[in-house]
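S.K.: Here it is: the structure, laid out below.
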Amino acid sequence: MTRYHVPTGGHPGQEELTTDRAVFTDAYAVLPRGTMRDIVTSRLPHWGSTRLWVLARPLSGFAETFSWYVVEVAPGGGSDRPEDDPAAEAVLFVVGGTARLHLAGEEHALEPGSYAYLPPGASWRLHNDGPGNATFHWIRKAYQPADGVDVPAAFVTHESQVAREPMPGTDAWATQRFVDPEDVRHDFQVNIVTFGPGGSIPFPETHVMEHGIYVLEGKGVYLLNRDWVEVQEGDFLWLRAFCPQACYAGGPGPFRYLLYKDVHRHARLG
């Protein structure tokens, strides 16, 4: 059965240790799930009964190409004006509860595993009519147009409708790609990567793509630049371009994460 970690907030007691795995460097950052507490939530204009954890935002020395929120919408909450930036495109990925998404004149029932791509300027609304909280990841990027290349169309799908594609030579490492990796209309991708127990990235990837990673399930050990760091479901990682990276899955079950990367555009100069 597919599981997705859902943060619940709360506040640690005074008897808890302060020391944790949180780290911020010029090459990577790790925000463990224990950092997602009530006192670090944010609110947004035009969103009712909603709070969010901002895991990444464009910032000198941090994420350059994207922002990443984990959004919690209480029953009866939502928004008719969710996005105030006409250049922003986004992916929504639901991990808990249910919600209604109105997108380009159509209504979609969202549940855990639902995935929506929202192009820049998309007309959309989202509301929670269910009995419990609706929780979803909202990953935003300023769309980078290319001359003669169409803007991608909006779509909604579900993880169960997207095949796991094994990496060459192994069944222990697979990726679910929600858009065609050859489609240059898209300037970013958000995929799900899954490792079976003992699976690994067997070399230090060092590449131009910036990454955001949210661990949906399981645990593993990640190579971040020169450091091996234990991570578990609910943790968020940021990796700057060219940060060496690799991992080993740990534990008895799958190690799965949601992965952002920027693709298919010239490097901006100056």
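Lettering and numbering for the structure tokens are positional, with chains as A, B, ... in the shown order, residues counted from 1 in each chain, and ligands counted from 1 in the shown order.
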Show me a table, sorted first by chain and then by increasing residue number, of the residues of region 131-229 of chain A having an atom at most 9 Å from region 97-110 of chain A, each with its shortest atom pair and the distance in Å to one decimal, counting only C-alpha atoms and written as a tab-separated table.
M.R.:
residue	atom	partner	partner_atom	distance
A:Pro131	CA	A:Gly97	CA	8.4
A:Gly132	CA	A:Gly97	CA	6.2
A:Asn133	CA	A:Gly97	CA	5.7
A:Ala134	CA	A:Gly97	CA	4.2
A:Thr135	CA	A:Gly97	CA	6.3
A:Phe136	CA	A:Gly97	CA	8.8
A:Ala154	CA	A:Leu103	CA	8.0
A:Phe155	CA	A:Leu103	CA	8.7
A:Val156	CA	A:His108	CA	7.7
A:His158	CA	A:Leu110	CA	8.7
S.K.: Residues at most 7 Å from Leu237 (chain A), counting only C-alpha atoms, excluding those fewer than 4 positions away in the same chain, as a list in words?
M.R.: Ala29, Val30, Leu31, Gly212, Ile213 and Tyr214 of chain A
S.K.: Record the distance separating CA of Leu224 (chain A) and CA of Pro202 (chain A), expressed in Å with one decimal.
M.R.: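 About the pair CA of Leu224 (chain A) and CA of Pro202 (chain A): they are 13.7 Å apart.
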S.K.: Identify, on the basis of only C-alpha atoms, every residue whose closest approach to Pro152 (chain A) does not exceed 7 Å; exclude the query and any residue fewer than 2 positions from it along the same chain; express the result as a list in words.
M.R.: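 So, after excluding close chain neighbours, the residues are Pro119, Asp150, Ala154, Arg185 and His186 of chain A.
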S.K.: List the neighbours of Gln161 (chain A) out to 12 Å using only C-alpha atoms; skip same-chain residues closer than 6 positions along the sequence, and give me the result as number ranges by chain.
M.R.: A: 113-115, 176-178
S.K.: Please produce a file of the residues just selected, as a PDB file, in the first residue's frame, where the atoms kept are N, CA and C atoms.
M.R.:
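Just written: part.pdb:
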ATOM      1  N   GLY A 113      -1.969  11.057  -3.687  1.00  0.00           N
ATOM      2  CA  GLY A 113      -1.414  10.561  -4.935  1.00  0.00           C
ATOM      3  C   GLY A 113      -1.809  11.377  -6.147  1.00  0.00           C
ATOM      4  N   SER A 114      -2.786  12.304  -6.003  1.00  0.00           N
ATOM      5  CA  SER A 114      -3.173  13.155  -7.128  1.00  0.00           C
ATOM      6  C   SER A 114      -2.070  14.164  -7.436  1.00  0.00           C
ATOM      7  N   TYR A 115      -1.916  14.444  -8.740  1.00  0.00           N
ATOM      8  CA  TYR A 115      -0.849  15.318  -9.237  1.00  0.00           C
ATOM      9  C   TYR A 115      -1.473  16.255 -10.261  1.00  0.00           C
ATOM     10  N   GLN A 176       9.047   7.593 -11.545  1.00  0.00           N
ATOM     11  CA  GLN A 176       7.752   7.881 -12.169  1.00  0.00           C
ATOM     12  C   GLN A 176       7.805   9.299 -12.721  1.00  0.00           C
ATOM     13  N   ARG A 177       7.734   9.408 -14.039  1.00  0.00           N
ATOM     14  CA  ARG A 177       7.843  10.693 -14.725  1.00  0.00           C
ATOM     15  C   ARG A 177       6.449  11.136 -15.167  1.00  0.00           C
ATOM     16  N   PHE A 178       6.004  12.263 -14.648  1.00  0.00           N
ATOM     17  CA  PHE A 178       4.644  12.732 -14.912  1.00  0.00           C
ATOM     18  C   PHE A 178       4.536  13.490 -16.224  1.00  0.00           C
TER      19      PHE A 178
END
S.K.: Can you list, as a list in words, every protein, DNA or RNA residue that comes within 10 Å of region 203-209 of chain A when you count only C-alpha atoms, leaving out same-chain residues fewer than 4 positions away?
M.R.: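 Here the answer would be Thr65, Phe188, Leu223, Leu224, Asn225, Arg226, Leu239, Arg240, Ala241, Phe242, Cys243, Pro244, Gln245, Ala246, Cys247, Tyr260, Lys261, Asp262, Val263, His264 and Ala267 of chain A.
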S.K.: Between A:Ala122, A:Arg51, A:Ala56, A:Trp68, which residue has the minimum interatomic distance to Asp84 (chain A), considering only C-alpha atoms?
M.R.: A:Ala122
S.K.: For Val162 (chain A), which residue among A:Asn191, A:Leu52, A:Arg265, A:Gly148 is the nearest when counting only C-alpha atoms?
M.R.: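 The answer is A:Asn191, which sits nearest to Val162 (chain A).
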